[in-house]
>>> print(open('target33.txt').read())   # compact mmCIF, C-alpha atoms
# COMPACT_ATOMS: atom_id res chain seq x y z
CA MET W 1 0.00 0.00 0.00
CA SER W 2 1.33 3.45 -0.95
CA GLN W 3 2.35 5.72 1.88
CA LYS W 4 0.41 8.92 2.48
CA THR W 5 1.44 11.88 4.61
CA TRP W 6 -0.83 13.87 6.92
CA MET W 7 -0.73 16.94 9.12
CA VAL W 8 -2.80 16.60 12.30
CA ARG W 9 -2.93 19.89 14.16
CA CYS W 10 -3.00 19.93 17.95
CA GLU W 11 -5.34 22.86 18.67
CA GLY W 12 -2.70 25.49 17.93
CA GLY W 13 -0.21 23.60 20.11
CA LEU W 14 -2.47 23.35 23.18
CA ILE W 15 -2.29 19.55 23.26
CA PHE W 16 1.13 19.18 21.62
CA GLU W 17 2.66 17.68 24.76
CA ASP W 18 -0.14 15.09 24.89
CA PHE W 19 0.59 14.12 21.29
CA LYS W 20 4.33 13.91 21.98
CA GLN W 21 4.36 12.21 25.36
CA LYS W 22 1.51 9.75 24.68
CA SER W 23 2.65 8.97 21.12
CA VAL W 24 -0.68 9.73 19.46
CA VAL W 25 -2.49 12.13 17.17
CA ALA W 26 -6.12 12.85 17.94
CA VAL W 27 -9.13 14.89 16.86
CA GLY W 28 -11.98 16.30 18.92
CA TRP W 29 -15.68 16.26 18.04
CA PHE W 30 -16.22 13.96 21.01
CA GLN W 31 -19.99 14.43 20.65
CA MET W 32 -19.76 12.30 17.50
CA GLY W 33 -18.92 9.26 19.60
CA ASP W 34 -16.97 6.29 18.25
CA LEU W 35 -16.14 7.16 14.62
CA SER W 36 -15.44 3.52 13.77
CA LYS W 37 -19.21 2.90 13.92
CA LEU W 38 -19.69 5.16 10.88
CA PRO W 39 -18.52 3.10 7.87
CA THR W 40 -19.25 5.55 5.04
CA GLN W 41 -18.81 9.27 4.44
CA ASP W 42 -22.59 9.64 4.13
CA ASP W 43 -22.91 8.19 7.64
CA PHE W 44 -20.47 10.81 8.89
CA LYS W 45 -22.46 13.60 7.24
CA ALA W 46 -25.77 12.39 8.67
CA LYS W 47 -24.39 12.05 12.20
CA HIS W 48 -22.61 15.40 12.00
CA GLN W 49 -25.76 17.18 10.79
CA ALA W 50 -27.81 15.66 13.59
CA ILE W 51 -25.34 16.80 16.27
CA TYR W 52 -24.38 20.19 14.80
CA PRO W 53 -27.52 21.44 12.96
CA GLU W 54 -26.29 25.04 13.18
CA ARG W 55 -23.26 24.37 10.94
CA LYS W 56 -23.30 25.82 7.45
CA PRO W 57 -23.54 23.12 4.73
CA ARG W 58 -20.00 23.65 3.45
CA ALA W 59 -18.49 23.63 6.93
CA MET W 60 -20.52 20.54 7.81
CA ALA W 61 -19.35 18.71 4.70
CA ALA W 62 -15.72 19.68 5.30
CA GLU W 63 -15.76 18.53 8.93
CA ALA W 64 -17.51 15.25 8.08
CA ALA W 65 -14.92 14.58 5.35
CA LEU W 66 -12.11 15.35 7.79
CA LEU W 67 -13.44 12.91 10.39
CA PHE W 68 -14.00 10.22 7.75
CA LYS W 69 -10.37 10.53 6.61
CA PHE W 70 -9.07 10.32 10.17
CA ALA W 71 -11.12 7.22 10.98
CA GLN W 72 -11.19 5.38 7.65
CA VAL W 73 -8.53 6.68 5.24
CA ILE W 74 -5.39 7.04 7.36
CA GLN W 75 -3.57 3.72 7.56
CA PRO W 76 -0.70 2.23 9.61
CA GLY W 77 2.51 3.08 7.79
CA ASP W 78 1.34 6.56 6.75
CA ALA W 79 3.60 9.43 7.74
CA VAL W 80 2.24 12.08 10.09
CA LEU W 81 3.34 15.40 11.55
CA THR W 82 2.05 17.96 14.00
CA TYR W 83 3.11 21.50 14.94
CA ASP W 84 3.89 23.23 18.21
CA ARG W 85 3.48 27.01 17.83
CA SER W 86 5.32 27.79 21.06
CA THR W 87 8.56 26.07 19.96
CA ARG W 88 7.96 26.44 16.20
CA ALA W 89 8.74 22.76 15.75
CA TYR W 90 7.19 20.08 13.56
CA LEU W 91 7.11 16.64 15.11
CA ILE W 92 7.37 13.88 12.50
CA GLY W 93 6.43 10.24 12.84
CA GLU W 94 4.65 7.18 11.49
CA VAL W 95 1.15 5.89 12.18
CA VAL W 96 1.55 2.51 13.90
CA GLY W 97 -2.03 1.60 14.77
CA GLY W 98 -5.56 1.56 13.47
CA PHE W 99 -8.27 3.96 14.53
CA GLU W 100 -8.91 3.89 18.28
CA TYR W 101 -11.72 5.34 20.39
CA ASN W 102 -10.37 6.08 23.87
CA THR W 103 -12.14 8.48 26.24
CA LYS W 104 -9.44 8.35 28.94
CA LEU W 105 -6.16 9.19 27.20
CA ILE W 106 -6.75 12.87 26.23
CA ASN W 107 -9.74 14.73 27.63
CA GLU W 108 -12.32 15.53 24.90
CA TYR W 109 -10.09 13.99 22.21
CA PRO W 110 -11.22 10.36 22.17
CA ASN W 111 -10.62 9.70 18.45
CA LEU W 112 -6.97 8.86 18.04
CA ARG W 113 -4.20 7.06 16.20
CA ARG W 114 -1.06 5.62 17.80
CA VAL W 115 2.13 7.13 16.40
CA LYS W 116 5.85 6.45 16.62
CA TRP W 117 7.58 9.85 16.63
CA THR W 118 10.88 9.67 14.76
CA GLY W 119 12.13 13.23 14.30
CA GLU W 120 11.64 16.94 14.72
CA VAL W 121 12.38 19.92 12.48
CA SER W 122 12.26 23.63 13.24
CA ARG W 123 10.00 25.81 11.11
CA ASP W 124 12.95 28.19 10.76
CA GLN W 125 14.83 25.57 8.72
CA LEU W 126 12.12 25.33 6.07
CA SER W 127 11.67 27.26 2.84
CA ILE W 128 9.03 29.99 2.66
CA SER W 129 6.89 27.93 0.26
CA THR W 130 6.90 24.98 2.65
CA ARG W 131 6.05 27.21 5.61
CA ASN W 132 3.09 28.56 3.69
CA SER W 133 1.93 25.07 2.69
CA LEU W 134 1.96 24.00 6.32
CA GLY W 135 0.18 27.13 7.57
CA SER W 136 -3.39 25.86 7.10
CA THR W 137 -5.61 25.90 10.17
CA LEU W 138 -7.40 22.73 9.07
CA THR W 139 -7.27 20.06 11.77
CA LEU W 140 -6.29 17.41 9.22
CA PHE W 141 -4.90 17.75 5.71
CA ALA W 142 -2.61 15.90 3.32
CA ILE W 143 0.97 16.99 2.67
CA ASN W 144 2.28 17.12 -0.91
CA ALA W 145 5.39 15.33 -2.11
CA GLU W 146 7.65 18.39 -2.30
CA VAL W 147 6.86 19.52 1.24
CA TRP W 148 7.29 16.02 2.65
CA ALA W 149 10.63 15.62 0.85
CA GLU W 150 11.93 18.84 2.41
CA LEU W 151 10.76 17.81 5.87
CA LYS W 152 12.54 14.46 5.55
CA GLU W 153 15.69 16.17 4.34
CA LYS W 154 15.74 18.61 7.23
CA THR W 155 15.34 15.85 9.80
CA GLY W 156 18.17 13.95 8.17
CA LYS W 157 15.95 10.94 7.54
CA ARG W 158 15.75 9.95 3.88
CA ASN W 159 13.42 7.19 2.75
CA SER W 160 14.06 5.40 -0.53
CA LYS W 161 10.41 4.39 -0.73
CA LYS W 162 8.52 6.73 -3.04
CA ALA W 163 5.41 8.12 -1.40
CA ASP W 164 2.16 8.19 -3.39
CA LEU W 165 0.70 11.32 -1.87
CA PRO W 166 -2.82 12.72 -2.27
CA THR W 167 -3.52 16.23 -3.47
CA PRO W 168 -3.59 18.64 -0.51
CA ASP W 169 -7.08 19.53 0.66
CA GLU W 170 -8.33 23.03 -0.10
CA PRO W 171 -10.56 24.76 2.47
CA GLU W 172 -14.07 25.10 1.05
CA ASP W 173 -15.52 27.70 3.36
CA LEU W 174 -14.65 31.41 3.13
CA GLU W 175 -14.34 31.59 6.89
CA GLN W 176 -11.87 28.71 6.83
CA ILE W 177 -9.82 30.45 4.13
CA LYS W 178 -9.75 33.60 6.27
CA ASP W 179 -8.60 31.60 9.31
CA ASP W 180 -5.87 30.01 7.19
CA GLN W 181 -4.59 33.41 6.09
CA ILE W 182 -4.68 34.80 9.64
CA ASP W 183 -2.68 31.84 10.90
CA LYS W 184 -0.14 32.14 8.08
CA ALA W 185 0.19 35.88 8.67
CA PHE W 186 0.74 35.29 12.39
CA GLU W 187 3.57 32.84 11.69
CA LEU W 188 5.15 35.24 9.17
CA ILE W 189 5.05 38.05 11.73
CA LYS W 190 6.84 35.76 14.17
CA ASP W 191 9.43 35.02 11.47
CA LYS W 192 9.96 38.76 11.06
CA ILE W 193 10.35 39.26 14.81
CA LEU W 194 12.90 36.45 14.99
CA SER W 195 14.95 38.12 12.24
CA LEU W 196 15.60 41.11 14.53
CA ASP W 197 18.89 41.28 16.41
CA PRO W 198 18.97 41.54 20.24
CA ARG W 199 19.21 45.34 20.23
CA GLN W 200 16.30 45.64 17.82
CA MET W 201 14.28 43.35 20.09
CA GLU W 202 14.80 45.79 22.96
CA LEU W 203 13.66 48.64 20.71
CA LEU W 204 10.59 46.61 19.69
CA ALA W 205 9.66 46.09 23.36
CA ALA W 206 9.93 49.84 23.89
CA ALA W 207 7.81 50.53 20.78
CA ILE W 208 5.03 48.27 22.09
CA LEU W 209 5.01 50.05 25.44
CA ARG W 210 4.91 53.48 23.77
CA ALA W 211 1.95 52.28 21.68
CA MET W 212 0.27 51.36 24.97
CA GLY W 213 0.69 54.91 26.24
CA TYR W 214 3.94 54.75 28.20
CA LYS W 215 7.12 56.75 27.80
CA THR W 216 10.24 54.62 27.56
CA LYS W 217 13.97 54.67 28.07
CA VAL W 218 16.12 51.98 26.47
CA SER W 219 19.38 51.11 28.26
CA LYS W 220 22.60 51.94 26.47
CA ILE W 221 24.55 49.11 24.90
CA GLY W 222 26.66 47.43 27.56
CA PRO W 223 25.99 46.27 31.16
CA ASP W 224 22.40 47.09 32.04
CA GLN W 225 21.98 45.62 35.55
CA GLY W 226 19.30 43.31 34.22
CA VAL W 227 17.01 46.04 32.85
CA ASP W 228 16.83 46.67 29.09
CA VAL W 229 13.86 49.05 28.99
CA PHE W 230 12.27 51.28 31.60
CA ALA W 231 8.72 52.59 31.13
CA SER W 232 6.31 54.77 33.07
CA PRO W 233 3.46 57.19 32.28
CA ASP W 234 5.74 60.26 32.67
CA GLY W 235 9.01 58.65 31.54
CA LEU W 236 10.72 59.69 34.78
CA GLY W 237 9.37 57.10 37.17
CA PHE W 238 7.44 59.51 39.37
CA GLU W 239 4.09 58.12 38.20
CA ASP W 240 2.97 54.51 38.56
CA PRO W 241 3.22 52.00 37.13
CA ARG W 242 7.00 51.85 36.88
CA ILE W 243 7.88 49.00 34.55
CA LYS W 244 11.26 47.33 34.14
CA VAL W 245 11.75 45.12 31.10
CA GLN W 246 14.26 42.36 30.43
CA VAL W 247 14.51 41.10 26.82
CA LYS W 248 16.21 37.81 25.89
CA HIS W 249 16.38 37.01 22.19
CA ARG W 250 17.46 33.37 22.28
CA PRO W 251 14.92 31.46 20.13
CA ASN W 252 16.29 28.02 21.02
CA THR W 253 16.83 28.61 24.74
CA SER W 254 14.10 28.74 27.38
CA ILE W 255 14.62 31.06 30.32
CA SER W 256 15.19 29.08 33.51
CA GLU W 257 14.27 29.84 37.11
CA PRO W 258 17.77 31.16 38.00
CA ASP W 259 17.68 33.51 34.98
CA LEU W 260 14.32 34.83 36.12
CA GLY W 261 15.53 35.14 39.71
CA SER W 262 18.28 37.53 38.66
CA PHE W 263 15.69 39.81 37.07
CA LEU W 264 13.36 39.62 40.06
CA ASN W 265 16.21 40.84 42.24
CA ALA W 266 16.42 43.97 40.09
CA LEU W 267 12.81 44.92 40.90
CA ASN W 268 12.25 47.32 43.76
CA SER W 269 9.10 47.62 45.83
CA GLY W 270 6.17 48.87 43.77
CA GLU W 271 7.82 48.21 40.40
CA LYS W 272 6.36 45.92 37.76
CA GLY W 273 8.41 43.43 35.80
CA LEU W 274 8.08 42.40 32.15
CA TYR W 275 10.29 39.55 30.93
CA ILE W 276 10.30 38.90 27.17
CA SER W 277 11.88 35.68 25.89
CA THR W 278 11.67 34.52 22.27
CA GLY W 279 12.73 31.08 23.47
CA GLY W 280 9.95 30.83 26.05
CA PHE W 281 10.26 29.83 29.70
CA THR W 282 10.77 26.59 31.60
CA LYS W 283 7.98 25.25 33.79
CA ASP W 284 10.00 26.13 36.90
CA ALA W 285 10.41 29.72 35.70
CA LYS W 286 6.67 30.05 35.07
CA LEU W 287 5.93 28.66 38.54
CA SER W 288 8.45 31.03 40.12
CA ALA W 289 6.84 34.02 38.37
CA LYS W 290 3.40 32.92 39.53
CA HIS W 291 4.49 32.90 43.17
CA ALA W 292 6.83 35.92 43.08
CA ASN W 293 6.25 38.63 45.67
CA VAL W 294 6.40 41.30 42.96
CA ALA W 295 4.17 41.77 39.91
CA ILE W 296 5.80 40.19 36.87
CA THR W 297 4.52 39.18 33.43
CA LEU W 298 6.25 36.64 31.18
CA VAL W 299 5.93 37.09 27.41
CA ASP W 300 6.99 34.42 24.92
CA LEU W 301 7.21 34.71 21.12
CA ASP W 302 3.51 34.00 20.52
CA GLN W 303 2.44 36.58 23.10
CA LEU W 304 4.94 39.10 21.74
CA ALA W 305 3.49 38.74 18.23
CA GLU W 306 -0.02 39.17 19.65
CA LEU W 307 1.06 42.37 21.42
CA VAL W 308 2.49 43.71 18.16
CA ILE W 309 -0.75 42.94 16.31
CA ASP W 310 -2.98 44.36 19.06
CA HIS W 311 -1.12 47.68 19.30
CA TYR W 312 0.40 48.16 15.85
CA ASP W 313 -2.14 50.84 14.90
CA LYS W 314 -0.56 53.08 17.55
CA PHE W 315 3.08 52.28 16.72
CA ASP W 316 5.17 55.40 16.13
CA THR W 317 7.47 55.83 13.13
CA GLU W 318 10.41 54.24 14.93
CA GLY W 319 8.39 51.15 15.74
CA ARG W 320 6.96 50.84 12.22
CA ASP W 321 10.40 51.23 10.66
CA LEU W 322 11.65 48.47 12.92
CA LEU W 323 8.85 46.06 12.00
CA PRO W 324 6.99 47.09 8.81
CA LEU W 325 3.52 45.51 8.54
CA VAL W 326 0.58 46.17 6.22
CA ARG W 327 -3.15 45.89 6.85
CA ILE W 328 -5.19 43.42 4.83
CA TYR W 329 -8.96 43.84 4.47
CA TRP W 330 -11.36 40.87 4.20
CA PRO W 331 -15.02 40.69 3.12
CA GLY W 332 -17.34 40.94 6.11
CA GLU W 333 -19.99 38.65 4.63
>>> encode(input="target33.txt", output="structure tokens")
Amino acid sequence: MSQKTWMVRCEGGLIFEDFKQKSVVAVGWFQMGDLSKLPTQDDFKAKHQAIYPERKPRAMAAEAALLFKFAQVIQPGDAVLTYDRSTRAYLIGEVVGGFEYNTKLINEYPNLRRVKWTGEVSRDQLSISTRNSLGSTLTLFAINAEVWAELKEKTGKRNSKKADLPTPDEPEDLEQIKDDQIDKAFELIKDKILSLDPRQMELLAAAILRAMGYKTKVSKIGPDQGVDVFASPDGLGFEDPRIKVQVKHRPNTSISEPDLGSFLNALNSGEKGLYISTGGFTKDAKLSAKHANVAITLVDLDQLAELVIDHYDKFDTEGRDLLPLVRIYWPGE
């Protein structure tokens, strides 16, 4: 049987660790019950329509087709990948089991396939065309031969067996197309942020705070005593809140608890802390921030991109020159 290759998204990365640690891929729609009891695509459509009568016909048909493929079309031996937005990594593996209905393994994701994970590749290693191909927000879609070949090459795992791959699915609903474009744009904005150097990252943090109504002071290049940006309503620190910002631009390195502790020590009574890390934070660091005796907010790459998007309309010229973005309009109906 010819190998096929599938992307199974993990709710924007929310259940990525479940996929990775439990060696599975899974889909929701738990109200549909055991999908193995629906032998044909017409059965899927009928059951879906009965449970979700409010769905538009195109959306209903697309979701029913998706569930049918997951339960009936995917086969052991097929290749599979999933994406973690927080680490910007694609996890690659092979389906090793038939369809399984299990209500205990992942909450509200009972429809699953057992997987043997064999490799991982960073989104940053991939070509722009491949990044765009993998940017769909569909829960399940097929991967074309060119994209799969590049993924295998980047993981250093070449397979002499030629894959007979299906044509990638195209979203049928306008709302789905819009969601796809939003997701792709979000990833491209993150790419742009990652292309900045450490000094530019500090300037970006200051630009966001100015767009939020604060006046900022960026530390000079050199030793900064753990504070890269200072912000307050008056720019002098006489008015609250007084915000100290630490920026770490290390995409492949998570900030640990000791790193965070050094910054916390730089915060005086009444000051607020903002720690920006493009590499994210360890679990211990997040726990330490949660229980700190000073107010501190941790911002990873996803959250940083969201802040840029939320406040870009109020960016000044310096901020816009640093990170040029354009607005795209979409039909409302």
>>> residues_around(input="target33.txt", residues="Phe16 in chain W", least_positions_apart="2", cutoff="10 Å", atoms="all atoms listed in the file", output="PyMOL selection string")
chain W and resi 9-14+18-22+24-25+82-86+91
>>> closest_residue(input="target33.txt", among="W:Trp29, W:Phe281, W:Tyr275, W:Phe68", to="Asp42 in chain W", atoms="all atoms listed in the file")
W:Phe68
>>> residues_near_point(input="target33.txt", point="(-6.0, 47.6, 12.8)", cutoff="10 Å", atoms="all atoms listed in the file", output="list in words")
Ile309, Asp310, His311, Tyr312, Asp313, Lys314, Val326, Arg327, Ile328 and Tyr329 of chain W
>>> residues_around(input="target33.txt", residues="range 294-303 of chain W", least_positions_apart="5", cutoff="6 Å", atoms="all atoms listed in the file", output="NGL selection string")
:W and (272-278 or 280)
>>> closest_residue(input="target33.txt", among="W:Val73, W:Thr216, W:Gln246, W:Leu323", to="Asp234 in chain W", atoms="all atoms listed in the file")
W:Thr216
>>> atom_distance(input="target33.txt", atom1="CA of Gln31 in chain W", atom2="CA of Lys56 in chain W")
17.7 Å
>>> closest_residue(input="target33.txt", among="W:Asn293, W:Gln125, W:Ser36, W:Thr253", to="Asn102 in chain W", atoms="only C-alpha atoms")
W:Ser36
>>> axis_aligned_box(input="target33.txt", around="range 86-90 of chain W", padding_each_side="4 Å", output="JSON")
{"center_x": 7.0, "center_y": 23.9, "center_z": 17.3, "size_x": 11.4, "size_y": 15.7, "size_z": 15.5}
>>> closest_residue(input="target33.txt", among="W:Ile128, W:His291, W:Asp34, W:Glu175", to="Gly332 in chain W", atoms="all atoms listed in the file")
W:Glu175
>>> residues_around(input="target33.txt", residues="Phe238 in chain W", least_positions_apart="6", cutoff="12 Å", atoms="all atoms listed in the file", output="JSON, numbers by chain")
{"W": [215, 231, 232, 270, 271]}
>>> write_last_selection(input="target33.txt", atoms="C-alpha atoms", output="mmCIF file, in the frame of the given file")
data_model
loop_
_atom_site.group_PDB
_atom_site.id
_atom_site.type_symbol
_atom_site.label_atom_id
_atom_site.label_comp_id
_atom_site.auth_asym_id
_atom_site.auth_seq_id
_atom_site.Cartn_x
_atom_site.Cartn_y
_atom_site.Cartn_z
ATOM 1 C CA LYS W 215 7.120 56.750 27.800
ATOM 2 C CA ALA W 231 8.720 52.590 31.130
ATOM 3 C CA SER W 232 6.310 54.770 33.070
ATOM 4 C CA GLY W 270 6.170 48.870 43.770
ATOM 5 C CA GLU W 271 7.820 48.210 40.400
#
>>> closest_residue(input="target33.txt", among="W:Val227, W:Leu236, W:Val245, W:Ile208", to="Ala305 in chain W", atoms="only C-alpha atoms")
W:Ile208
>>> closest_residue(input="target33.txt", among="W:Ser262, W:Gln176, W:Ser256, W:Gln3", to="Ala59 in chain W", atoms="all atoms listed in the file")
W:Gln176
>>> atom_distance(input="target33.txt", atom1="CA of Val247 in chain W", atom2="CA of Asp183 in chain W")
25.2 Å
>>> residues_around(input="target33.txt", residues="Asn107 in chain W", least_positions_apart="4", cutoff="12 Å", atoms="all atoms listed in the file", output="list in words")
Ile15, Asp18, Ala26, Val27, Gly28, Trp29, Phe30, Asn102, Thr103, Asn111 and Leu112 of chain W
>>> atom_distance(input="target33.txt", atom1="CA of Arg131 in chain W", atom2="CA of Gly119 in chain W")
17.5 Å
>>> residues_around(input="target33.txt", residues="Tyr214 in chain W", least_positions_apart="2", cutoff="10 Å", atoms="all atoms listed in the file", output="ChimeraX atom specification")
/W:206-212,216,230-235,241-243
>>> decode(input="target33.txt", residues="range 57-150 of chain W", atoms="C-alpha atoms", output="PDB file, in the first residue's frame")
ATOM      1  CA  PRO W  57     -23.544  23.122   4.734  1.00  0.00           C
ATOM      2  CA  ARG W  58     -20.005  23.651   3.455  1.00  0.00           C
ATOM      3  CA  ALA W  59     -18.495  23.634   6.928  1.00  0.00           C
ATOM      4  CA  MET W  60     -20.522  20.540   7.811  1.00  0.00           C
ATOM      5  CA  ALA W  61     -19.354  18.705   4.697  1.00  0.00           C
ATOM      6  CA  ALA W  62     -15.719  19.684   5.300  1.00  0.00           C
ATOM      7  CA  GLU W  63     -15.760  18.532   8.935  1.00  0.00           C
ATOM      8  CA  ALA W  64     -17.511  15.255   8.081  1.00  0.00           C
ATOM      9  CA  ALA W  65     -14.916  14.581   5.348  1.00  0.00           C
ATOM     10  CA  LEU W  66     -12.112  15.346   7.795  1.00  0.00           C
ATOM     11  CA  LEU W  67     -13.436  12.906  10.390  1.00  0.00           C
ATOM     12  CA  PHE W  68     -13.995  10.222   7.745  1.00  0.00           C
ATOM     13  CA  LYS W  69     -10.374  10.525   6.608  1.00  0.00           C
ATOM     14  CA  PHE W  70      -9.073  10.320  10.166  1.00  0.00           C
ATOM     15  CA  ALA W  71     -11.120   7.222  10.977  1.00  0.00           C
ATOM     16  CA  GLN W  72     -11.191   5.384   7.646  1.00  0.00           C
ATOM     17  CA  VAL W  73      -8.530   6.682   5.238  1.00  0.00           C
ATOM     18  CA  ILE W  74      -5.392   7.040   7.357  1.00  0.00           C
ATOM     19  CA  GLN W  75      -3.571   3.718   7.558  1.00  0.00           C
ATOM     20  CA  PRO W  76      -0.701   2.226   9.609  1.00  0.00           C
ATOM     21  CA  GLY W  77       2.511   3.084   7.793  1.00  0.00           C
ATOM     22  CA  ASP W  78       1.343   6.557   6.754  1.00  0.00           C
ATOM     23  CA  ALA W  79       3.603   9.432   7.741  1.00  0.00           C
ATOM     24  CA  VAL W  80       2.239  12.085  10.090  1.00  0.00           C
ATOM     25  CA  LEU W  81       3.343  15.405  11.547  1.00  0.00           C
ATOM     26  CA  THR W  82       2.046  17.964  14.002  1.00  0.00           C
ATOM     27  CA  TYR W  83       3.110  21.495  14.942  1.00  0.00           C
ATOM     28  CA  ASP W  84       3.886  23.230  18.206  1.00  0.00           C
ATOM     29  CA  ARG W  85       3.477  27.005  17.828  1.00  0.00           C
ATOM     30  CA  SER W  86       5.322  27.792  21.058  1.00  0.00           C
ATOM     31  CA  THR W  87       8.561  26.073  19.962  1.00  0.00           C
ATOM     32  CA  ARG W  88       7.955  26.438  16.202  1.00  0.00           C
ATOM     33  CA  ALA W  89       8.737  22.759  15.754  1.00  0.00           C
ATOM     34  CA  TYR W  90       7.186  20.081  13.557  1.00  0.00           C
ATOM     35  CA  LEU W  91       7.107  16.636  15.114  1.00  0.00           C
ATOM     36  CA  ILE W  92       7.366  13.879  12.500  1.00  0.00           C
ATOM     37  CA  GLY W  93       6.429  10.238  12.838  1.00  0.00           C
ATOM     38  CA  GLU W  94       4.650   7.182  11.487  1.00  0.00           C
ATOM     39  CA  VAL W  95       1.153   5.890  12.182  1.00  0.00           C
ATOM     40  CA  VAL W  96       1.545   2.510  13.896  1.00  0.00           C
ATOM     41  CA  GLY W  97      -2.034   1.605  14.771  1.00  0.00           C
ATOM     42  CA  GLY W  98      -5.557   1.562  13.466  1.00  0.00           C
ATOM     43  CA  PHE W  99      -8.267   3.960  14.534  1.00  0.00           C
ATOM     44  CA  GLU W 100      -8.908   3.892  18.278  1.00  0.00           C
ATOM     45  CA  TYR W 101     -11.721   5.340  20.389  1.00  0.00           C
ATOM     46  CA  ASN W 102     -10.368   6.076  23.866  1.00  0.00           C
ATOM     47  CA  THR W 103     -12.145   8.477  26.240  1.00  0.00           C
ATOM     48  CA  LYS W 104      -9.445   8.354  28.936  1.00  0.00           C
ATOM     49  CA  LEU W 105      -6.165   9.193  27.198  1.00  0.00           C
ATOM     50  CA  ILE W 106      -6.746  12.874  26.226  1.00  0.00           C
ATOM     51  CA  ASN W 107      -9.740  14.734  27.627  1.00  0.00           C
ATOM     52  CA  GLU W 108     -12.324  15.531  24.903  1.00  0.00           C
ATOM     53  CA  TYR W 109     -10.085  13.992  22.214  1.00  0.00           C
ATOM     54  CA  PRO W 110     -11.221  10.359  22.168  1.00  0.00           C
ATOM     55  CA  ASN W 111     -10.623   9.696  18.449  1.00  0.00           C
ATOM     56  CA  LEU W 112      -6.970   8.864  18.043  1.00  0.00           C
ATOM     57  CA  ARG W 113      -4.198   7.060  16.205  1.00  0.00           C
ATOM     58  CA  ARG W 114      -1.065   5.619  17.799  1.00  0.00           C
ATOM     59  CA  VAL W 115       2.132   7.133  16.400  1.00  0.00           C
ATOM     60  CA  LYS W 116       5.851   6.450  16.618  1.00  0.00           C
ATOM     61  CA  TRP W 117       7.577   9.846  16.631  1.00  0.00           C
ATOM     62  CA  THR W 118      10.882   9.673  14.757  1.00  0.00           C
ATOM     63  CA  GLY W 119      12.133  13.233  14.304  1.00  0.00           C
ATOM     64  CA  GLU W 120      11.638  16.936  14.717  1.00  0.00           C
ATOM     65  CA  VAL W 121      12.377  19.917  12.484  1.00  0.00           C
ATOM     66  CA  SER W 122      12.258  23.634  13.241  1.00  0.00           C
ATOM     67  CA  ARG W 123       9.997  25.807  11.114  1.00  0.00           C
ATOM     68  CA  ASP W 124      12.947  28.188  10.764  1.00  0.00           C
ATOM     69  CA  GLN W 125      14.826  25.574   8.720  1.00  0.00           C
ATOM     70  CA  LEU W 126      12.124  25.333   6.070  1.00  0.00           C
ATOM     71  CA  SER W 127      11.671  27.262   2.843  1.00  0.00           C
ATOM     72  CA  ILE W 128       9.026  29.987   2.659  1.00  0.00           C
ATOM     73  CA  SER W 129       6.895  27.933   0.257  1.00  0.00           C
ATOM     74  CA  THR W 130       6.902  24.977   2.649  1.00  0.00           C
ATOM     75  CA  ARG W 131       6.055  27.206   5.614  1.00  0.00           C
ATOM     76  CA  ASN W 132       3.087  28.563   3.686  1.00  0.00           C
ATOM     77  CA  SER W 133       1.932  25.069   2.689  1.00  0.00           C
ATOM     78  CA  LEU W 134       1.961  23.996   6.322  1.00  0.00           C
ATOM     79  CA  GLY W 135       0.179  27.129   7.571  1.00  0.00           C
ATOM     80  CA  SER W 136      -3.386  25.864   7.099  1.00  0.00           C
ATOM     81  CA  THR W 137      -5.610  25.897  10.173  1.00  0.00           C
ATOM     82  CA  LEU W 138      -7.404  22.734   9.073  1.00  0.00           C
ATOM     83  CA  THR W 139      -7.271  20.058  11.766  1.00  0.00           C
ATOM     84  CA  LEU W 140      -6.286  17.410   9.222  1.00  0.00           C
ATOM     85  CA  PHE W 141      -4.900  17.751   5.712  1.00  0.00           C
ATOM     86  CA  ALA W 142      -2.612  15.904   3.320  1.00  0.00           C
ATOM     87  CA  ILE W 143       0.970  16.985   2.667  1.00  0.00           C
ATOM     88  CA  ASN W 144       2.280  17.117  -0.907  1.00  0.00           C
ATOM     89  CA  ALA W 145       5.394  15.327  -2.112  1.00  0.00           C
ATOM     90  CA  GLU W 146       7.649  18.387  -2.300  1.00  0.00           C
ATOM     91  CA  VAL W 147       6.863  19.516   1.239  1.00  0.00           C
ATOM     92  CA  TRP W 148       7.294  16.018   2.651  1.00  0.00           C
ATOM     93  CA  ALA W 149      10.634  15.623   0.852  1.00  0.00           C
ATOM     94  CA  GLU W 150      11.930  18.837   2.410  1.00  0.00           C
TER      95      GLU W 150
END
